[in-house]
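Okay, run.cif is below, mmCIF, C-alpha atoms and all ligand atoms:
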```cif
data_input
#
loop_
_atom_site.label_atom_id
_atom_site.label_comp_id
_atom_site.auth_asym_id
_atom_site.auth_seq_id
_atom_site.Cartn_x
_atom_site.Cartn_y
_atom_site.Cartn_z
CA MET I 3 -23.73 -10.75 2.07
CA LYS I 4 -25.09 -7.54 0.58
CA THR I 5 -22.48 -4.80 0.25
CA ASP I 6 -23.52 -1.15 0.49
CA VAL I 7 -21.41 1.67 -0.90
CA GLN I 8 -21.56 5.08 0.79
CA LYS I 9 -19.86 8.28 -0.35
CA LEU I 10 -18.29 10.19 2.56
CA THR I 11 -16.36 13.43 2.87
CA ALA I 12 -14.75 15.38 5.69
CA ALA I 13 -17.66 17.84 5.54
CA ASP I 14 -20.25 15.16 6.46
CA GLY I 15 -21.73 15.25 9.94
CA PRO I 16 -21.55 12.54 12.64
CA GLU I 17 -24.89 11.08 11.47
CA GLN I 18 -23.24 10.21 8.13
CA TYR I 19 -20.52 8.32 9.99
CA ALA I 20 -22.93 6.59 12.39
CA ARG I 21 -23.61 3.46 10.34
CA ALA I 22 -19.94 2.69 9.67
CA ALA I 23 -18.99 3.42 13.29
CA ALA I 24 -21.79 1.17 14.59
CA LEU I 25 -20.76 -1.68 12.27
CA LEU I 26 -17.17 -1.41 13.50
CA ARG I 27 -18.24 -1.39 17.16
CA ALA I 28 -20.43 -4.44 16.45
CA GLY I 29 -17.41 -6.41 15.19
CA GLU I 30 -17.99 -6.00 11.44
CA VAL I 31 -15.55 -5.09 8.67
CA VAL I 32 -15.80 -1.75 6.81
CA ALA I 33 -13.68 -0.65 3.82
CA MET I 34 -12.36 2.91 4.24
CA PRO I 35 -10.32 5.36 2.18
CA THR I 36 -6.91 6.46 3.42
CA GLU I 37 -4.38 8.81 1.81
CA THR I 38 -2.27 5.82 0.69
CA VAL I 39 -4.68 3.06 -0.43
CA TYR I 40 -8.11 1.82 0.69
CA GLY I 41 -8.10 -0.28 3.88
CA LEU I 42 -10.31 -3.05 5.24
CA ALA I 43 -10.98 -2.01 8.83
CA ALA I 44 -12.13 -3.75 12.01
CA ASN I 45 -11.87 -3.03 15.75
CA ALA I 46 -8.23 -3.84 16.58
CA TYR I 47 -9.19 -4.94 20.12
CA ASP I 48 -11.71 -7.51 18.85
CA GLY I 49 -9.93 -10.68 17.68
CA ALA I 50 -13.09 -12.19 16.16
CA ALA I 51 -13.70 -9.03 14.11
CA VAL I 52 -10.10 -9.00 12.90
CA LYS I 53 -10.41 -12.64 11.80
CA LYS I 54 -13.16 -11.54 9.40
CA ILE I 55 -10.64 -9.27 7.63
CA PHE I 56 -8.38 -12.25 6.90
CA GLU I 57 -11.37 -14.20 5.57
CA ALA I 58 -12.61 -11.37 3.33
CA LYS I 59 -9.16 -10.88 1.78
CA GLY I 60 -8.08 -14.49 1.65
CA ARG I 61 -5.00 -13.31 3.51
CA PRO I 62 -2.46 -15.77 4.97
CA GLN I 63 -2.82 -15.86 8.79
CA ASP I 64 0.89 -15.19 9.33
CA ASN I 65 0.82 -11.73 7.72
CA PRO I 66 0.20 -9.09 10.45
CA LEU I 67 -2.00 -6.00 10.12
CA ILE I 68 -1.40 -2.30 10.69
CA VAL I 69 -3.38 -0.62 13.51
CA HIS I 70 -4.75 2.83 12.63
CA ILE I 71 -5.18 5.57 15.24
CA ALA I 72 -6.53 9.13 15.07
CA SER I 73 -3.76 10.90 17.02
CA PHE I 74 -0.36 10.34 18.59
CA ASP I 75 -1.90 10.11 22.10
CA GLU I 76 -3.56 6.84 21.10
CA LEU I 77 -0.19 5.15 20.43
CA ALA I 78 0.99 4.45 24.00
CA PRO I 79 -1.78 1.99 25.01
CA LEU I 80 -1.00 -0.17 21.95
CA THR I 81 2.71 -0.49 22.72
CA ALA I 82 5.01 -1.61 25.52
CA GLY I 83 6.54 1.88 25.50
CA VAL I 84 6.98 4.79 23.11
CA PRO I 85 10.65 5.56 22.38
CA ALA I 86 11.83 9.14 21.81
CA ALA I 87 12.44 8.30 18.13
CA ALA I 88 8.73 7.52 17.67
CA GLU I 89 7.80 10.85 19.21
CA ARG I 90 10.13 12.74 16.88
CA LEU I 91 8.87 10.85 13.83
CA ALA I 92 5.23 11.43 14.74
CA ALA I 93 5.84 15.14 15.19
CA ARG I 94 7.23 15.30 11.67
CA PHE I 95 5.16 12.72 9.70
CA TRP I 96 1.87 12.08 11.52
CA PRO I 97 -0.82 12.15 10.44
CA GLY I 98 0.56 10.65 7.23
CA PRO I 99 1.91 7.61 5.38
CA LEU I 100 4.41 6.35 8.00
CA THR I 101 3.87 3.11 9.93
CA MET I 102 6.01 2.45 13.01
CA VAL I 103 6.66 -1.07 14.29
CA LEU I 104 7.09 -1.15 18.08
CA PRO I 105 6.95 -3.76 20.87
CA LYS I 106 3.26 -4.46 21.45
CA SER I 107 1.11 -4.21 24.57
CA ASP I 108 -1.07 -7.06 25.87
CA LYS I 109 -4.19 -5.24 24.68
CA ILE I 110 -3.51 -6.22 21.06
CA PRO I 111 -4.87 -9.69 20.19
CA ASP I 112 -2.38 -12.10 18.58
CA VAL I 113 -4.45 -12.34 15.40
CA VAL I 114 -3.61 -8.66 14.63
CA THR I 115 0.16 -9.18 14.86
CA ALA I 116 0.19 -12.78 13.60
CA GLY I 117 1.73 -13.76 16.92
CA LEU I 118 4.68 -11.33 16.63
CA SER I 119 5.83 -9.43 19.74
CA THR I 120 5.62 -6.15 17.80
CA VAL I 121 2.71 -4.10 16.48
CA ALA I 122 2.62 -1.84 13.41
CA VAL I 123 0.79 1.48 13.97
CA ARG I 124 -0.03 4.44 11.79
CA CYS I 125 -2.08 7.61 11.98
CA PRO I 126 -3.67 8.27 8.57
CA SER I 127 -4.10 11.84 7.33
CA HIS I 128 -7.17 11.11 5.19
CA PRO I 129 -9.97 13.10 6.84
CA VAL I 130 -12.53 10.31 6.36
CA ALA I 131 -10.26 7.68 7.94
CA ASN I 132 -9.39 10.01 10.77
CA ARG I 133 -13.02 10.83 11.50
CA LEU I 134 -14.08 7.21 11.25
CA ILE I 135 -11.53 6.13 13.88
CA ARG I 136 -12.80 8.88 16.21
CA GLU I 137 -16.47 8.08 15.62
CA ALA I 138 -15.86 4.33 16.14
CA GLY I 139 -13.94 5.12 19.33
CA VAL I 140 -11.50 2.24 18.86
CA PRO I 141 -8.22 1.74 16.97
CA LEU I 142 -8.81 0.08 13.60
CA ALA I 143 -6.73 -2.83 12.30
CA ALA I 144 -6.67 -2.51 8.51
CA PRO I 145 -4.72 -4.10 5.68
CA SER I 146 -5.11 -2.85 2.11
CA ALA I 147 -8.64 -3.63 0.86
CA ASN I 148 -7.64 -5.83 -2.12
CA LEU I 149 -8.00 -9.57 -2.44
CA SER I 150 -4.70 -11.05 -1.27
CA GLY I 151 -2.10 -10.86 -4.07
CA LYS I 152 -3.90 -8.22 -6.16
CA PRO I 153 -2.72 -4.61 -6.52
CA SER I 154 -3.84 -2.42 -3.60
CA PRO I 155 -7.05 -0.45 -4.31
CA THR I 156 -6.65 3.28 -4.89
CA ARG I 157 -10.29 3.95 -5.84
CA ALA I 158 -13.59 2.78 -4.38
CA GLU I 159 -14.35 0.97 -7.67
CA HIS I 160 -11.29 -1.25 -7.11
CA VAL I 161 -12.58 -2.16 -3.65
CA ILE I 162 -16.04 -2.88 -5.00
CA ARG I 163 -14.53 -5.21 -7.59
CA ASP I 164 -12.57 -7.21 -4.99
CA MET I 165 -14.87 -7.01 -1.96
CA ASN I 166 -18.45 -6.98 -3.26
CA GLY I 167 -20.39 -9.59 -1.27
CA ARG I 168 -17.56 -9.99 1.26
CA VAL I 169 -18.09 -6.94 3.53
CA PRO I 170 -21.26 -5.07 4.57
CA LEU I 171 -20.04 -1.52 3.79
CA ILE I 172 -17.56 0.22 1.50
CA LEU I 173 -16.92 3.93 2.14
CA ASP I 174 -16.12 5.87 -1.02
CA GLY I 175 -13.82 8.82 -0.30
CA GLY I 176 -12.61 9.30 -3.88
CA PRO I 177 -9.19 8.43 -5.33
CA CYS I 178 -6.22 8.08 -2.94
CA GLU I 179 -3.69 10.88 -2.98
CA GLU I 180 -0.50 8.82 -2.46
CA GLY I 181 -1.40 5.62 -4.31
CA VAL I 182 1.21 3.37 -2.65
CA GLU I 183 1.03 1.96 0.87
CA SER I 184 2.73 3.60 3.85
CA THR I 185 6.42 3.37 4.68
CA VAL I 186 6.85 0.61 7.30
CA LEU I 187 9.70 1.39 9.73
CA LEU I 188 10.91 -1.10 12.33
CA LEU I 189 11.80 0.76 15.52
CA ALA I 190 12.10 -2.37 17.67
CA SER I 191 15.72 -2.91 16.58
CA ASP I 192 19.09 -1.25 17.35
CA VAL I 193 19.12 0.66 14.07
CA PRO I 194 15.72 1.70 12.64
CA ARG I 195 15.04 -0.28 9.47
CA VAL I 196 12.69 0.35 6.55
CA LEU I 197 10.77 -2.88 5.92
CA ARG I 198 8.57 -1.44 3.18
CA PRO I 199 9.34 1.85 1.38
CA GLY I 200 6.58 4.41 0.92
CA ASN I 201 6.22 8.09 0.19
CA VAL I 202 7.79 9.09 3.50
CA THR I 203 11.22 8.54 1.96
CA VAL I 204 14.35 7.04 3.48
CA ASP I 205 16.10 10.41 3.15
CA GLN I 206 13.29 12.11 5.08
CA LEU I 207 13.57 9.48 7.84
CA ARG I 208 17.35 9.92 7.97
CA GLY I 209 16.78 13.66 8.31
CA VAL I 210 15.01 12.99 11.61
CA LEU I 211 16.79 9.89 12.95
CA GLY I 212 20.29 9.88 11.47
CA ARG I 213 21.12 6.29 10.58
CA VAL I 214 18.29 4.28 9.01
CA ASP I 215 18.84 0.93 7.28
CA VAL I 216 16.82 -0.46 4.38
CA ASP I 217 15.85 -4.12 4.56
CA ASP I 218 17.36 -6.33 1.83
CA ALA I 219 13.89 -7.58 0.89
CA VAL I 220 12.95 -4.10 -0.38
CA LEU I 221 14.70 -4.48 -3.73
CA HIS I 222 15.66 -8.16 -3.86
CA PRO I 223 13.73 -11.40 -3.79
CA LEU I 224 14.10 -13.20 -0.46
CA ALA I 225 16.75 -15.91 -0.58
CA ASN I 226 15.30 -19.41 -0.30
CA GLY I 227 14.69 -20.21 3.35
CA ALA I 228 15.38 -16.66 4.56
CA GLU I 229 12.97 -15.27 7.14
CA ALA I 230 11.18 -12.01 6.29
CA ALA I 231 11.41 -9.20 8.88
CA SER I 232 8.07 -8.09 7.47
CA PRO I 233 6.04 -11.18 6.64
CA GLY I 234 4.25 -9.33 3.82
CA MET I 235 7.51 -9.23 1.84
CA LYS I 236 7.52 -12.95 1.21
CA TYR I 237 4.26 -13.10 -0.67
CA LYS I 238 3.72 -12.50 -4.37
CA HIS I 239 2.21 -9.07 -4.43
CA TYR I 240 0.59 -6.35 -6.44
CA SER I 241 0.14 -8.64 -9.43
CA PRO I 242 -2.36 -8.03 -12.18
CA ASP I 243 -3.21 -11.07 -14.32
CA ALA I 244 -1.15 -9.57 -17.15
CA GLU I 245 2.55 -10.42 -17.11
CA ILE I 246 4.64 -7.36 -16.21
CA ILE I 247 8.15 -6.87 -17.59
CA ILE I 248 10.29 -3.87 -16.63
CA VAL I 249 12.46 -2.55 -19.47
CA ARG I 250 15.45 -0.45 -18.45
CA GLY I 251 17.10 1.80 -21.03
CA ASP I 252 16.38 5.00 -22.91
CA TYR I 253 13.10 5.61 -24.70
CA ARG I 254 14.29 4.82 -28.23
CA ASP I 255 15.68 1.46 -27.19
CA PHE I 256 12.48 0.75 -25.24
CA VAL I 257 10.36 1.34 -28.35
CA ALA I 258 12.59 -0.85 -30.53
CA TYR I 259 12.53 -3.67 -27.98
CA VAL I 260 8.77 -3.55 -27.40
CA ASN I 261 7.88 -3.34 -31.08
CA ALA I 262 10.09 -6.34 -31.87
CA ALA I 263 8.59 -8.39 -29.02
CA ALA I 264 4.98 -7.30 -29.61
CA CYS I 265 2.27 -9.89 -30.11
CA ASP I 266 -1.45 -10.13 -29.41
CA GLY I 267 -2.34 -8.61 -26.01
CA THR I 268 0.92 -6.68 -25.60
CA TRP I 269 0.75 -3.26 -23.92
CA ALA I 270 3.27 -0.68 -22.80
CA MET I 271 3.39 1.67 -19.80
CA VAL I 272 5.32 4.88 -20.46
CA PHE I 273 5.90 8.31 -18.96
CA GLU I 274 3.99 11.50 -19.75
CA GLY I 275 4.89 12.84 -23.17
CA GLU I 276 6.01 9.41 -24.47
CA GLY I 277 4.21 6.91 -26.70
CA GLU I 278 5.51 8.03 -30.08
CA GLY I 279 6.65 5.20 -32.33
CA LEU I 280 5.07 2.43 -30.26
CA ALA I 281 3.29 -0.24 -32.30
CA VAL I 282 1.29 -1.42 -29.24
CA PRO I 283 -1.39 0.34 -27.15
CA TYR I 284 0.03 2.13 -24.14
CA MET I 285 -0.84 3.69 -20.82
CA ILE I 286 0.74 6.71 -19.23
CA TRP I 287 1.71 6.31 -15.59
CA GLY I 288 2.97 9.74 -14.63
CA ASN I 289 5.81 12.18 -15.12
CA ASP I 290 9.06 10.57 -14.20
CA ASP I 291 8.69 11.70 -10.52
CA TYR I 292 7.83 9.43 -7.64
CA ARG I 293 4.65 11.12 -6.49
CA SER I 294 2.91 11.12 -9.85
CA MET I 295 4.11 7.56 -10.62
CA SER I 296 2.92 6.23 -7.27
CA ARG I 297 -0.49 7.88 -7.63
CA ARG I 298 -1.21 5.95 -10.82
CA LEU I 299 0.75 2.72 -10.58
CA PHE I 300 -1.87 0.42 -9.05
CA ASP I 301 -4.71 1.98 -11.02
CA ASP I 302 -2.80 1.31 -14.23
CA LEU I 303 -1.92 -2.26 -13.22
CA ARG I 304 -5.60 -2.97 -12.60
CA SER I 305 -6.62 -1.30 -15.89
CA LEU I 306 -4.40 -3.72 -17.78
CA ASP I 307 -6.60 -6.60 -16.68
CA GLU I 308 -9.77 -4.72 -17.59
CA LYS I 309 -8.36 -4.11 -21.05
CA GLY I 310 -7.53 -7.79 -21.46
CA ALA I 311 -3.78 -7.17 -21.65
CA ARG I 312 -1.71 -10.34 -21.56
CA ARG I 313 1.70 -8.74 -21.22
CA CYS I 314 2.91 -5.22 -20.45
CA PHE I 315 6.36 -3.72 -20.89
CA VAL I 316 6.95 -0.93 -18.37
CA ARG I 317 9.44 1.93 -18.59
CA CYS I 318 11.82 1.68 -15.65
CA PRO I 319 11.96 4.65 -13.25
CA GLU I 320 15.46 5.94 -12.37
CA THR I 321 17.00 3.26 -10.17
CA ASP I 322 19.65 5.52 -8.59
CA ASN I 323 17.09 7.98 -7.20
CA SER I 324 16.22 6.94 -3.63
CA ASP I 325 12.89 8.79 -3.77
CA ASN I 326 11.78 6.16 -6.31
CA LEU I 327 12.24 3.29 -3.83
CA ALA I 328 8.52 2.73 -3.14
CA VAL I 329 7.54 2.72 -6.82
CA LEU I 330 10.45 0.43 -7.71
CA ASN I 331 9.63 -1.95 -4.87
CA ARG I 332 5.99 -2.34 -5.98
CA LEU I 333 6.87 -2.56 -9.66
CA LEU I 334 9.58 -5.19 -9.08
CA ARG I 335 7.10 -7.33 -7.17
CA ALA I 336 4.38 -6.89 -9.80
CA ALA I 337 6.98 -8.02 -12.36
CA ALA I 338 8.21 -10.92 -10.18
CA PHE I 339 11.63 -9.18 -10.44
CA ARG I 340 11.85 -9.47 -14.25
CA VAL I 341 13.95 -6.58 -15.57
CA VAL I 342 15.28 -6.46 -19.14
CA ASP I 343 18.19 -4.13 -19.96
CA VAL I 344 18.08 -2.71 -23.49
O1 LIG I 401 -0.77 2.47 3.72
C1 LIG I 401 -0.94 1.42 4.33
O2 LIG I 401 -0.10 0.98 5.14
C2 LIG I 401 -2.25 0.64 4.06
C3 LIG I 401 -3.41 1.50 4.53
C4 LIG I 401 -4.73 0.77 4.47
O3 LIG I 401 -3.16 1.98 5.81
N1 LIG I 401 -2.22 -0.62 4.73
C5 LIG I 401 -1.46 -1.65 4.29
O4 LIG I 401 -1.60 -2.82 5.03
O5 LIG I 401 -0.73 -1.59 3.34
P1 LIG I 401 -1.10 -4.23 4.52
O6 LIG I 401 -1.63 -5.20 5.51
O7 LIG I 401 -1.47 -4.42 3.12
O8 LIG I 401 0.45 -4.18 4.71
C6 LIG I 401 1.02 -4.19 6.00
C7 LIG I 401 2.48 -4.50 5.91
C8 LIG I 401 2.72 -5.96 5.56
O9 LIG I 401 3.84 -6.05 4.71
C9 LIG I 401 3.00 -6.59 6.93
O10 LIG I 401 3.78 -7.74 6.83
C10 LIG I 401 3.71 -5.46 7.64
O11 LIG I 401 3.07 -4.29 7.20
N2 LIG I 401 3.58 -5.55 9.09
C11 LIG I 401 2.47 -5.43 9.84
N3 LIG I 401 2.75 -5.64 11.15
C12 LIG I 401 4.07 -5.89 11.23
C13 LIG I 401 4.97 -6.18 12.30
N4 LIG I 401 4.55 -6.26 13.57
N5 LIG I 401 6.27 -6.38 11.99
C14 LIG I 401 6.71 -6.31 10.72
N6 LIG I 401 5.92 -6.04 9.66
C15 LIG I 401 4.61 -5.83 9.91
MG MG I 402 -1.56 -5.14 1.23
#
```
Would you write out, as structure tokens, the structure that this file holds?
Ligand code: TXA
Ligand code: MG
Amino acid sequence: MKTDVQKLTAADGPEQYARAAALLRAGEVVAMPTETVYGLAANAYDGAAVKKIFEAKGRPQDNPLIVHIASFDELAPLTAGVPAAAERLAARFWPGPLTMVLPKSDKIPDVVTAGLSTVAVRCPSHPVANRLIREAGVPLAAPSANLSGKPSPTRAEHVIRDMNGRVPLILDGGPCEEGVESTVLLLASDVPRVLRPGNVTVDQLRGVLGRVDVDDAVLHPLANGAEAASPGMKYKHYSPDAEIIIVRGDYRDFVAYVNAAACDGTWAMVFEGEGEGLAVPYMIWGNDDYRSMSRRLFDDLRSLDEKGARRCFVRCPETDNSDNLAVLNRLLRAAAFRVVDV
């Protein structure tokens, strides 16, 4: 299949969106930018179209997709009922990087939800995604636009690398503002529970809802035989080819540890202003704050492979700061939970 790449902005007119919208209505898959990461979109009401997403990604069939809508009004038809909590959350965080998991309506094909009785829905704030949903006139099921297991794409170039020849059209809306995927919140339970942390933080959710639990799988590997509340949690994720090792401790101890362990192909990932004394090449992945770290994390993980890195030691973000939950969750998975204390 030939893959076209088209640059799109919010300022473009409907004619610029026409091709992508027509492809989506015809049951094809289109890669689109969102404020979190790029997504691989298809008409959520068309089971055959959604199947093509799984094929393009090489995604396991039992991992459900998020349905994207353009406004809160479009939520009700997808669900078996919209609780008051969802209304309050939408008023505060939509459009934006919050996904709500609710009991599903019969209109959603089983392939979207991997047979679950719930559906995950979000309303992206990226103007191109928002316009595309409106122009297509249907809700769009979309996972992240990476090959299954790879870091999520935060630039069109990442999508081109993974999806060239696999989808007819990739929309280039520039780099993603957030850089990590949306917060996934289960509302179909007694106490709302965060299944995947994102940049809508747990504290922000608690500010609206009161009690909110955080699923064990967020910071710990699943116990053998345990069932994942969010099927995505059980898969190896976000992994570059290079081996990632998180090193927890202060900067001086980090440098001593890395320099002693260095061999061919060793890299380091450090915070802004650091790098002094390192005997290995390094990458900077932000100031030690969650928004700048999340914006660059996946881009940096992918760069390691381009640079031929075999191993990378990564400075550990503060683990007792709950705002860092999303970055820690992605980093722990990229590192297969390997953390060294120095
Ligand atoms: O920011 C995002 O959420 C991006 C952009 C493209 O919107 N999308 C994204 O999709 O990250 P994906 O498929 O890579 O991750 C969806 C996550 C998976 O962990 C999946 O298991 C979970 O959401 N999920 C989807 N439907 C679910 C459901 N009904 N119940 C529990 N977890 C669900
Ligand atoms: Mg994904």
Restrict the calculation to only C-alpha atoms and all ligand atoms, then for each residue of chain I with any atom at most 7 Å from an atom of ligand MG 402 (chain I) give the closest atom pair and their distance in Å to one decimal, rows by chain and rising residue number, as CSV.
```
residue,atom,partner,partner_atom,distance
I:Pro145,CA,I:MG402,MG,5.6
I:Ser146,CA,I:MG402,MG,4.3
I:Asn148,CA,I:MG402,MG,7.0
I:Ser154,CA,I:MG402,MG,6.0
```
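Distances to Arg61 in chain I were evaluated for I:Ala93, I:Leu149, I:Ala43, I:Ala143 using all atoms listed in the file, and the minimum falls at I:Leu149.
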Which residues are near ligand LIG 401 (chain I) in this structure, taking near to mean any atom at most 8 Å from a ligand atom and counting only C-alpha atoms and all ligand atoms? Format them as a PDB file with C-alpha atoms, keeping the file's coordinate frame.
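Output saved as pocket.pdb:
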```pdb
ATOM      1  CA  MET I  34     -12.360   2.910   4.240  1.00  0.00           C
ATOM      2  CA  PRO I  35     -10.320   5.360   2.180  1.00  0.00           C
ATOM      3  CA  THR I  36      -6.910   6.460   3.420  1.00  0.00           C
ATOM      4  CA  GLU I  37      -4.380   8.810   1.810  1.00  0.00           C
ATOM      5  CA  THR I  38      -2.270   5.820   0.690  1.00  0.00           C
ATOM      6  CA  VAL I  39      -4.680   3.060  -0.430  1.00  0.00           C
ATOM      7  CA  TYR I  40      -8.110   1.820   0.690  1.00  0.00           C
ATOM      8  CA  GLY I  41      -8.100  -0.280   3.880  1.00  0.00           C
ATOM      9  CA  LEU I  42     -10.310  -3.050   5.240  1.00  0.00           C
ATOM     10  CA  ASN I  65       0.820 -11.730   7.720  1.00  0.00           C
ATOM     11  CA  PRO I  66       0.200  -9.090  10.450  1.00  0.00           C
ATOM     12  CA  LEU I  67      -2.000  -6.000  10.120  1.00  0.00           C
ATOM     13  CA  ILE I  68      -1.400  -2.300  10.690  1.00  0.00           C
ATOM     14  CA  HIS I  70      -4.750   2.830  12.630  1.00  0.00           C
ATOM     15  CA  PRO I  99       1.910   7.610   5.380  1.00  0.00           C
ATOM     16  CA  LEU I 100       4.410   6.350   8.000  1.00  0.00           C
ATOM     17  CA  THR I 101       3.870   3.110   9.930  1.00  0.00           C
ATOM     18  CA  VAL I 103       6.660  -1.070  14.290  1.00  0.00           C
ATOM     19  CA  LEU I 104       7.090  -1.150  18.080  1.00  0.00           C
ATOM     20  CA  VAL I 114      -3.610  -8.660  14.630  1.00  0.00           C
ATOM     21  CA  THR I 115       0.160  -9.180  14.860  1.00  0.00           C
ATOM     22  CA  ALA I 116       0.190 -12.780  13.600  1.00  0.00           C
ATOM     23  CA  LEU I 118       4.680 -11.330  16.630  1.00  0.00           C
ATOM     24  CA  SER I 119       5.830  -9.430  19.740  1.00  0.00           C
ATOM     25  CA  THR I 120       5.620  -6.150  17.800  1.00  0.00           C
ATOM     26  CA  VAL I 121       2.710  -4.100  16.480  1.00  0.00           C
ATOM     27  CA  ALA I 122       2.620  -1.840  13.410  1.00  0.00           C
ATOM     28  CA  VAL I 123       0.790   1.480  13.970  1.00  0.00           C
ATOM     29  CA  ARG I 124      -0.030   4.440  11.790  1.00  0.00           C
ATOM     30  CA  PRO I 126      -3.670   8.270   8.570  1.00  0.00           C
ATOM     31  CA  ALA I 144      -6.670  -2.510   8.510  1.00  0.00           C
ATOM     32  CA  PRO I 145      -4.720  -4.100   5.680  1.00  0.00           C
ATOM     33  CA  SER I 146      -5.110  -2.850   2.110  1.00  0.00           C
ATOM     34  CA  ALA I 147      -8.640  -3.630   0.860  1.00  0.00           C
ATOM     35  CA  SER I 154      -3.840  -2.420  -3.600  1.00  0.00           C
ATOM     36  CA  VAL I 182       1.210   3.370  -2.650  1.00  0.00           C
ATOM     37  CA  GLU I 183       1.030   1.960   0.870  1.00  0.00           C
ATOM     38  CA  SER I 184       2.730   3.600   3.850  1.00  0.00           C
ATOM     39  CA  THR I 185       6.420   3.370   4.680  1.00  0.00           C
ATOM     40  CA  VAL I 186       6.850   0.610   7.300  1.00  0.00           C
ATOM     41  CA  LEU I 188      10.910  -1.100  12.330  1.00  0.00           C
ATOM     42  CA  LEU I 197      10.770  -2.880   5.920  1.00  0.00           C
ATOM     43  CA  ARG I 198       8.570  -1.440   3.180  1.00  0.00           C
ATOM     44  CA  ALA I 231      11.410  -9.200   8.880  1.00  0.00           C
ATOM     45  CA  SER I 232       8.070  -8.090   7.470  1.00  0.00           C
ATOM     46  CA  PRO I 233       6.040 -11.180   6.640  1.00  0.00           C
ATOM     47  CA  GLY I 234       4.250  -9.330   3.820  1.00  0.00           C
ATOM     48  CA  MET I 235       7.510  -9.230   1.840  1.00  0.00           C
TER      49      MET I 235
END
```
query: If we count only C-alpha atoms, what is near Val202 in chain I at a cut-off of 12 Å, once residues fewer than 2 positions away on the same chain are taken out, given as a ChimeraX atom specification?
result: /I:38,91-92,94-102,180,182-187,196,198-200,204-210,292-293,324-328
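The residue that comes closest to Glu30 in chain I, out of I:Ala138, I:Ile247, I:Pro62, I:Ala88 and on the basis of only C-alpha atoms, is I:Ala138.
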Using only the atoms of range 152-162 of chain I listed in the file, plus 6 Å on each side, state the axis-aligned box centre and edge lengths in Å rounded to one decimal, as JSON.
```
{"center_x": -9.4, "center_y": -2.1, "center_z": -5.6, "size_x": 25.3, "size_y": 24.2, "size_z": 16.1}
```
- request: Would you kindly return, as JSON, numbers by chain, each protein, DNA or RNA residue with an atom no farther than 12 Å from any atom of Val329 in chain I, considering all atoms listed in the file and excluding same-chain residues fewer than 5 positions away?
  value: {"I": [180, 181, 182, 183, 184, 185, 198, 199, 200, 201, 203, 220, 221, 240, 287, 288, 290, 291, 292, 293, 294, 295, 296, 297, 298, 299, 300, 317, 318, 319, 320, 321, 323, 324, 334, 335, 336]}
message: One number please: CA of Arg90 in chain I to CA of Leu77 in chain I, in Å, one decimal.
response: 13.3 Å
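The spacing separating CA of Pro153 in chain I from CA of Arg332 in chain I amounts to 9.0 Å.
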